[in-house]
Amino acid sequence: GDLTGGRQWLAACSSSTRGIFGGGYATASINVMDYITISTIGNAIDFGDLTVARYGCPGSCSSSTRGVFGGGYTEVGGVGLNVIDYIAIATIGNAIDFGDLTVARWGVAACSSPTRGVFGGGSTGVNIIEYITISTASNTSDFGDLTVGRYYLSACSSSTRGVFGGGISTNNIMNRIFYVVIPETSDIDIQINIILERLESLNLKSQRLKNEEL
């Protein structure tokens with residue numbers, strides 16, 4: 001099917017039955033949210049509006065009932081945004097203010113467990129990782145750091161592990177993939193050391209690359 005209008009640089013989230021598309025850019029920033037029923041082929045239907053029109057791949061994540069959109073870019077003033085919105089996925093309506101990211105930015109990636117959302121990276125190459133408890137509206141809290149700052153990266157997750165891949169760092173296109181254990185608040189550096197120790201315990205050889213080699 002089709003979205004209600006053509007646009008690029010939008011974000012999306014979902015429950016097990018409904019998908020939500022939010023924001024984007026056509027001739028200007030867009031605040032529109034559309035929804036689909038995932039099991040039914042058809043065109044998207046208007047869901048409501050974000051609190052701020054924005055694009056630039058804002059980070060989005062979800063629990064089984066709530067969707068969250070964070071960050072993005074608006075051409076009004078030409079700035080990145082720290083705004084986080086949320087919606088009840090099953091209830092059509094406008095987004096509601098959730099809180100703020102610690103740093104305003106676009107090109108941020110997000111993933112989630114059933115209870116926690118994690119935002120990582122963003123313009124222009126920040127290495128910040130921060131998290132929210134999806135059920136509780138508030139500002140983000142520090143989670144840790146990516147090994148290399150990057151933006152326009154992507155993320156996905158299981159119920160316990162979030163994976164960040166790709167992105168742009170100082171004009172270099174990245175191919176590295178890193179993961180975090182979502183229930184744990186710690187730097188990726190710490191988690192890499194844990195992995196290396198586990199590999200060594202299995203008599204497997206490994207080598208950690210320096211940042212400039214990534």
# chains A, B, ... in the order shown; residues from 1 in each chain; ligands from 1
$ residues_around --residues "A:Arg150" --least-positions-apart "6" --cutoff "8 Å" --atoms "only C-alpha atoms" --output "VMD selection string"
chain A and resid 121 to 127 167 to 170
$ residues_around --residues "stretch 86-98 of chain A" --least-positions-apart "6" --cutoff "10 Å" --atoms "only C-alpha atoms" --output "VMD selection string"
chain A and resid 13 to 15 17 to 20 22 31 to 35 45 to 52 60 to 70 132 134 to 140
$ write_last_selection --atoms "C-alpha atoms" --output "PDB file, in the first residue's frame"
ATOM      1  CA  CYS A  13       7.911   1.777  15.465  1.00  0.00           C
ATOM      2  CA  SER A  14       5.395  -0.991  16.111  1.00  0.00           C
ATOM      3  CA  SER A  15       3.520  -3.304  18.407  1.00  0.00           C
ATOM      4  CA  THR A  17      -0.086  -5.873  15.339  1.00  0.00           C
ATOM      5  CA  ARG A  18       0.252  -2.204  14.334  1.00  0.00           C
ATOM      6  CA  GLY A  19       3.033  -0.224  12.645  1.00  0.00           C
ATOM      7  CA  ILE A  20       3.446   3.547  13.040  1.00  0.00           C
ATOM      8  CA  GLY A  22       6.222   9.337  11.974  1.00  0.00           C
ATOM      9  CA  ASN A  31       4.694  16.078  11.789  1.00  0.00           C
ATOM     10  CA  VAL A  32       2.289  13.473  10.383  1.00  0.00           C
ATOM     11  CA  MET A  33       2.034   9.970  11.830  1.00  0.00           C
ATOM     12  CA  ASP A  34       0.437   7.151   9.789  1.00  0.00           C
ATOM     13  CA  TYR A  35      -0.483   3.651  10.882  1.00  0.00           C
ATOM     14  CA  ILE A  45      -4.233   5.760   7.708  1.00  0.00           C
ATOM     15  CA  ASP A  46      -3.679   9.031   9.555  1.00  0.00           C
ATOM     16  CA  PHE A  47      -2.807   8.398  13.210  1.00  0.00           C
ATOM     17  CA  GLY A  48      -2.135  11.900  14.511  1.00  0.00           C
ATOM     18  CA  ASP A  49       0.718  14.400  14.756  1.00  0.00           C
ATOM     19  CA  LEU A  50       4.107  14.532  16.442  1.00  0.00           C
ATOM     20  CA  THR A  51       4.587  17.441  18.868  1.00  0.00           C
ATOM     21  CA  VAL A  52       7.233  18.900  16.521  1.00  0.00           C
ATOM     22  CA  SER A  60      12.227   5.434  17.477  1.00  0.00           C
ATOM     23  CA  CYS A  61      11.544   2.426  19.666  1.00  0.00           C
ATOM     24  CA  SER A  62       8.591   0.745  21.300  1.00  0.00           C
ATOM     25  CA  SER A  63       7.230  -1.580  23.929  1.00  0.00           C
ATOM     26  CA  SER A  64       4.190  -3.751  23.257  1.00  0.00           C
ATOM     27  CA  THR A  65       1.891  -0.787  23.912  1.00  0.00           C
ATOM     28  CA  ARG A  66       3.848   2.470  23.576  1.00  0.00           C
ATOM     29  CA  GLY A  67       5.917   4.013  20.764  1.00  0.00           C
ATOM     30  CA  VAL A  68       8.625   6.633  21.342  1.00  0.00           C
ATOM     31  CA  PHE A  69      10.229   9.086  18.885  1.00  0.00           C
ATOM     32  CA  GLY A  70      13.399  10.943  19.919  1.00  0.00           C
ATOM     33  CA  ILE A 132      14.555   5.587  29.042  1.00  0.00           C
ATOM     34  CA  ILE A 134       9.328   3.337  28.151  1.00  0.00           C
ATOM     35  CA  SER A 135       6.430   3.219  30.612  1.00  0.00           C
ATOM     36  CA  THR A 136       7.623   6.309  32.510  1.00  0.00           C
ATOM     37  CA  ALA A 137       7.806   9.753  30.880  1.00  0.00           C
ATOM     38  CA  SER A 138      11.098  11.443  31.779  1.00  0.00           C
ATOM     39  CA  ASN A 139      14.369  12.715  30.376  1.00  0.00           C
ATOM     40  CA  THR A 140      16.958  10.160  29.283  1.00  0.00           C
TER      41      THR A 140
END
$ residues_around --residues "stretch 114-119 of chain A" --least-positions-apart "2" --cutoff "6 Å" --atoms "only C-alpha atoms" --output "PyMOL selection string"
chain A and resi 63+109-112+129-134
$ write_last_selection --atoms "N, CA, C and O atoms" --output "compact mmCIF listing (two decimals), in the first residue's frame"
# COMPACT_ATOMS: atom_id res chain seq x y z
N SER A 63 7.59 -0.40 23.15
CA SER A 63 7.23 -1.58 23.93
C SER A 63 6.05 -2.23 23.22
O SER A 63 5.73 -1.89 22.09
N ALA A 109 20.07 6.56 16.40
CA ALA A 109 19.42 5.25 16.29
C ALA A 109 18.83 4.86 17.63
O ALA A 109 19.29 5.33 18.68
N ALA A 110 17.82 4.01 17.61
CA ALA A 110 17.20 3.56 18.85
C ALA A 110 16.78 2.11 18.74
O ALA A 110 16.47 1.61 17.65
N CYS A 111 16.77 1.44 19.87
CA CYS A 111 16.29 0.06 19.96
C CYS A 111 15.69 -0.11 21.34
O CYS A 111 15.76 0.79 22.18
N SER A 112 15.11 -1.27 21.61
CA SER A 112 14.44 -1.42 22.90
C SER A 112 14.28 -2.86 23.30
O SER A 112 14.27 -3.78 22.47
N ILE A 129 25.31 7.04 24.43
CA ILE A 129 24.21 6.10 24.53
C ILE A 129 23.41 6.48 25.77
O ILE A 129 23.99 6.69 26.84
N GLU A 130 22.11 6.61 25.64
CA GLU A 130 21.25 6.95 26.77
C GLU A 130 19.99 6.11 26.73
O GLU A 130 19.67 5.52 25.70
N TYR A 131 19.28 6.05 27.85
CA TYR A 131 18.13 5.16 27.89
C TYR A 131 16.95 5.80 28.62
O TYR A 131 17.10 6.78 29.36
N ILE A 132 15.78 5.22 28.36
CA ILE A 132 14.56 5.59 29.04
C ILE A 132 13.86 4.31 29.50
O ILE A 132 14.08 3.23 28.95
N THR A 133 13.01 4.44 30.49
CA THR A 133 12.03 3.40 30.82
C THR A 133 10.77 3.77 30.07
O THR A 133 10.17 4.83 30.33
N ILE A 134 10.37 2.95 29.10
CA ILE A 134 9.33 3.34 28.15
C ILE A 134 8.00 3.66 28.83
O ILE A 134 7.25 4.53 28.39
$ select_by_dssp --residues "stretch 28-212 of chain A" --states "strand (DSSP E or B)" --output "PyMOL selection string"
chain A and resi 29+32-37+45-49+55+59-62+66-70+73-74+79-88+96-105+109-112+116-120+128-133+141-145+151+154-157+161-165+168-169+172-173+177-181
$ atom_distance --atom1 "atom CA of A:Ala53" --atom2 "atom CA of A:Val76"
9.5 Å
$ closest_residue --among "A:Trp106, A:Tyr25, A:Phe143, A:Trp9" --to "A:Val180" --atoms "only C-alpha atoms"
A:Phe143
$ atom_distance --atom1 "atom CA of A:Ile182" --atom2 "atom CA of A:Ser113"
6.6 Å
